[in-house]
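Since the structure comes first, as structure tokens, the remarks are kept for the end.
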Amino acid sequence: MEQEFRALLTGSAAVTTIAPAASINWGDAPQGTSLPYVVLHLIGNRDELHLTDRTWLFDGRVQVDCYASTPKAAITLGDTIRDLLQGYTSGGFHVIEHDSTRGPRREAGTNDAARPYLRSMDFNTFWSE
């Protein structure tokens with residue numbers, strides 16, 4: 001699921017026009033990554049169980065963090081990603097649903113001028129292998 005989720009973002013011209021494919025990563029951004037960039041976090045996943053058997057349908061949540069130098073840029077990147085993912089159904093994904101959005105807000109730090117703005121969104125994913 002993780003590879004396919006990232007491939008959705010890196011394969012979108014609308015997204016990569018704002019944040020290059022190399023700046024979209026799971027877990028953290030490599031040191032020296034320029035703004036804007038996207039960090040993906042797998043918050044949880046579980047397989048759906050029923051009384052009769054496993055369904056092989058997995059239910060997960062992905063947090064998508066969009067970092068940019070201005071609040072407007074963080075919002076634009078986040079909105080572009082939300083528009084791409086909301087309701088997506090293809091490949092192993094049965095559906096991707098936008099759940100919530102937070103920000104933009106400034107990242108914590110001591111140097112206010114250098115801190116990026118963050119727009120964070122949660123997506124529920126339903127997928128099968």
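Every chain in the structure tokens has a letter given in the order shown (A, B, ...), and although residue numbers restart at 1 in each chain, ligands are simply numbered from 1 in the order shown.
Look at A:Ile81: the protein and nucleic acid residues within 8 Å of it, using only C-alpha atoms and passing over chain neighbours fewer than 3 places away, are Leu9, Val15, Leu77, Gly78, Leu84 and Leu85 of chain A.
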Legend entry - strand (DSSP E or B) positions in chain A, given as a ChimeraX atom specification: /A:24-26,37-49,54-68,90,93-106,117-127
Inset, instruction - Show which residues sit within 8 Å of stretch 22-25 of chain A, as number ranges by chain. Count only C-alpha atoms, and ignore same-chain residues fewer than 4 positions away. - result: A: 6, 9-10, 29, 33-34, 36-40
Inset, instruction - Can you pull out every residue within 10 Å of A:Glu97, counting only C-alpha atoms, but drop anything in the same chain fewer than 5 positions away, and send it as an NGL selection string? - result: :A and (61 or 82 or 85-89 or 122-126)
Can those selected residues be exported to a file as a tab-separated table (two decimals), in the first residue's frame so that it contains all heavy atoms?
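Contents of the output file out-v2.tsv:
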chain	number	residue	atom	x	y	z
A	61	ARG	N	-4.89	4.24	7.96
A	61	ARG	CA	-4.94	5.70	7.98
A	61	ARG	C	-3.54	6.21	7.64
A	61	ARG	O	-2.55	5.76	8.20
A	61	ARG	CB	-5.35	6.21	9.36
A	61	ARG	CG	-5.43	7.74	9.42
A	61	ARG	CD	-5.94	8.20	10.75
A	61	ARG	NE	-7.32	7.79	10.87
A	61	ARG	CZ	-8.32	8.60	11.22
A	61	ARG	NH1	-8.08	9.85	11.51
A	61	ARG	NH2	-9.54	8.17	11.30
A	82	ARG	N	-5.34	16.63	-1.60
A	82	ARG	CA	-6.69	16.20	-1.21
A	82	ARG	C	-7.56	15.98	-2.44
A	82	ARG	O	-8.28	14.98	-2.54
A	82	ARG	CB	-7.35	17.24	-0.30
A	82	ARG	CG	-8.72	16.77	0.24
A	82	ARG	CD	-9.54	17.89	0.80
A	82	ARG	NE	-9.79	18.87	-0.26
A	82	ARG	CZ	-9.63	20.18	-0.12
A	82	ARG	NH1	-9.27	20.70	1.02
A	82	ARG	NH2	-9.86	21.00	-1.13
A	85	LEU	N	-6.55	12.61	-4.02
A	85	LEU	CA	-6.80	11.38	-3.27
A	85	LEU	C	-8.25	11.15	-2.90
A	85	LEU	O	-8.69	9.99	-2.81
A	85	LEU	CB	-5.95	11.37	-1.99
A	85	LEU	CG	-4.44	11.35	-2.19
A	85	LEU	CD1	-3.74	11.40	-0.83
A	85	LEU	CD2	-4.01	10.12	-2.97
A	86	GLN	N	-9.02	12.20	-2.65
A	86	GLN	CA	-10.39	12.04	-2.18
A	86	GLN	C	-11.22	11.22	-3.17
A	86	GLN	O	-11.39	11.61	-4.32
A	86	GLN	CB	-11.05	13.39	-1.94
A	86	GLN	CG	-12.53	13.34	-1.59
A	86	GLN	CD	-12.83	12.56	-0.32
A	86	GLN	OE1	-12.00	12.34	0.54
A	86	GLN	NE2	-14.07	12.12	-0.20
A	87	GLY	N	-11.71	10.07	-2.71
A	87	GLY	CA	-12.55	9.22	-3.54
A	87	GLY	C	-11.80	8.36	-4.54
A	87	GLY	O	-12.42	7.69	-5.36
A	88	TYR	N	-10.47	8.35	-4.46
A	88	TYR	CA	-9.67	7.58	-5.42
A	88	TYR	C	-9.98	6.09	-5.30
A	88	TYR	O	-10.00	5.53	-4.20
A	88	TYR	CB	-8.17	7.83	-5.18
A	88	TYR	CG	-7.30	7.07	-6.14
A	88	TYR	CD1	-7.00	7.59	-7.40
A	88	TYR	CD2	-6.78	5.83	-5.81
A	88	TYR	CE1	-6.21	6.89	-8.29
A	88	TYR	CE2	-5.99	5.13	-6.70
A	88	TYR	CZ	-5.70	5.66	-7.93
A	88	TYR	OH	-4.92	4.97	-8.82
A	89	THR	N	-10.20	5.43	-6.41
A	89	THR	CA	-10.44	3.98	-6.46
A	89	THR	C	-9.74	3.42	-7.69
A	89	THR	O	-10.17	3.67	-8.81
A	89	THR	CB	-11.94	3.64	-6.54
A	89	THR	OG1	-12.48	4.27	-7.69
A	89	THR	CG2	-12.70	4.08	-5.32
A	122	ASP	N	-5.41	13.75	7.22
A	122	ASP	CA	-5.55	12.32	7.43
A	122	ASP	C	-6.44	11.73	6.35
A	122	ASP	O	-7.49	12.31	6.01
A	122	ASP	CB	-6.17	12.01	8.80
A	122	ASP	CG	-5.25	12.40	9.94
A	122	ASP	OD1	-4.02	12.43	9.73
A	122	ASP	OD2	-5.77	12.66	11.04
A	123	PHE	N	-6.05	10.58	5.84
A	123	PHE	CA	-6.83	9.85	4.83
A	123	PHE	C	-7.04	8.42	5.31
A	123	PHE	O	-6.10	7.76	5.74
A	123	PHE	CB	-6.10	9.84	3.48
A	123	PHE	CG	-6.00	11.19	2.84
A	123	PHE	CD1	-4.93	12.02	3.10
A	123	PHE	CD2	-6.99	11.62	1.99
A	123	PHE	CE1	-4.83	13.27	2.53
A	123	PHE	CE2	-6.91	12.88	1.40
A	123	PHE	CZ	-5.83	13.70	1.68
A	124	ASN	N	-8.27	7.96	5.21
A	124	ASN	CA	-8.59	6.55	5.46
A	124	ASN	C	-8.44	5.82	4.15
A	124	ASN	O	-8.93	6.28	3.11
A	124	ASN	CB	-10.02	6.40	6.00
A	124	ASN	CG	-10.17	7.08	7.35
A	124	ASN	OD1	-9.31	6.97	8.22
A	124	ASN	ND2	-11.26	7.80	7.52
A	125	THR	N	-7.74	4.68	4.20
A	125	THR	CA	-7.53	3.88	3.00
A	125	THR	C	-8.14	2.50	3.19
A	125	THR	O	-8.03	1.91	4.26
A	125	THR	CB	-6.04	3.73	2.67
A	125	THR	OG1	-5.40	3.04	3.76
A	125	THR	CG2	-5.37	5.08	2.48
A	126	PHE	N	-8.78	2.01	2.16
A	126	PHE	CA	-9.33	0.67	2.14
A	126	PHE	C	-8.73	0.00	0.90
A	126	PHE	O	-8.98	0.44	-0.22
A	126	PHE	CB	-10.86	0.71	2.07
A	126	PHE	CG	-11.45	1.41	3.25
A	126	PHE	CD1	-11.71	2.77	3.20
A	126	PHE	CD2	-11.74	0.72	4.43
A	126	PHE	CE1	-12.24	3.44	4.30
A	126	PHE	CE2	-12.26	1.38	5.53
A	126	PHE	CZ	-12.52	2.73	5.47
Legend entry - Proximity to A:Asp28 - best of A:Thr16, A:Ser90, A:Gln63, A:Thr101, only C-alpha atoms: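 The shortest atom-to-atom distance to A:Asp28 comes from A:Gln63.
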Legend entry - Given only C-alpha atoms as the counted atoms, nearest of A:Ser100, A:Ser12, A:Ser120, A:Thr80 to A:Cys66: A:Ser120
Inset, instruction - List every residue of chain A that DSSP, applied to the backbone of this structure, places in helix (DSSP H, G or I), and write the result as a PyMOL selection string. - result: chain A and resi 2-10+13-16+21-23+71-85+112-114
Inset, instruction - Name the closest residue to A:Arg102 among the candidates A:Ala114, A:Val64, A:Ser69, A:Ser128; distances are taken between atoms, counting only C-alpha atoms. - result: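 Counting only C-alpha atoms, the residue closest to A:Arg102 is A:Val64.
Atom CA of A:Ala68 is positioned 20.2 Å from atom CA of A:Leu8.
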Inset, instruction - Could you tell me which of A:Ala19, A:Met121, A:Met1, A:Ile43 comes closest to A:Asp79 if we count only C-alpha atoms? - result: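 So, comparing all the options, the nearest one is A:Met121.
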Inset, instruction - Please indicate the distance in Å from atom CA of A:His94 to atom CA of A:Ala21, rounded to one decimal place. - result: 24.1 Å
Inset, instruction - Could you check how far atom CA of A:Trp127 sits from atom CA of A:Gly60, in Å to one decimal? - result: 8.3 Å
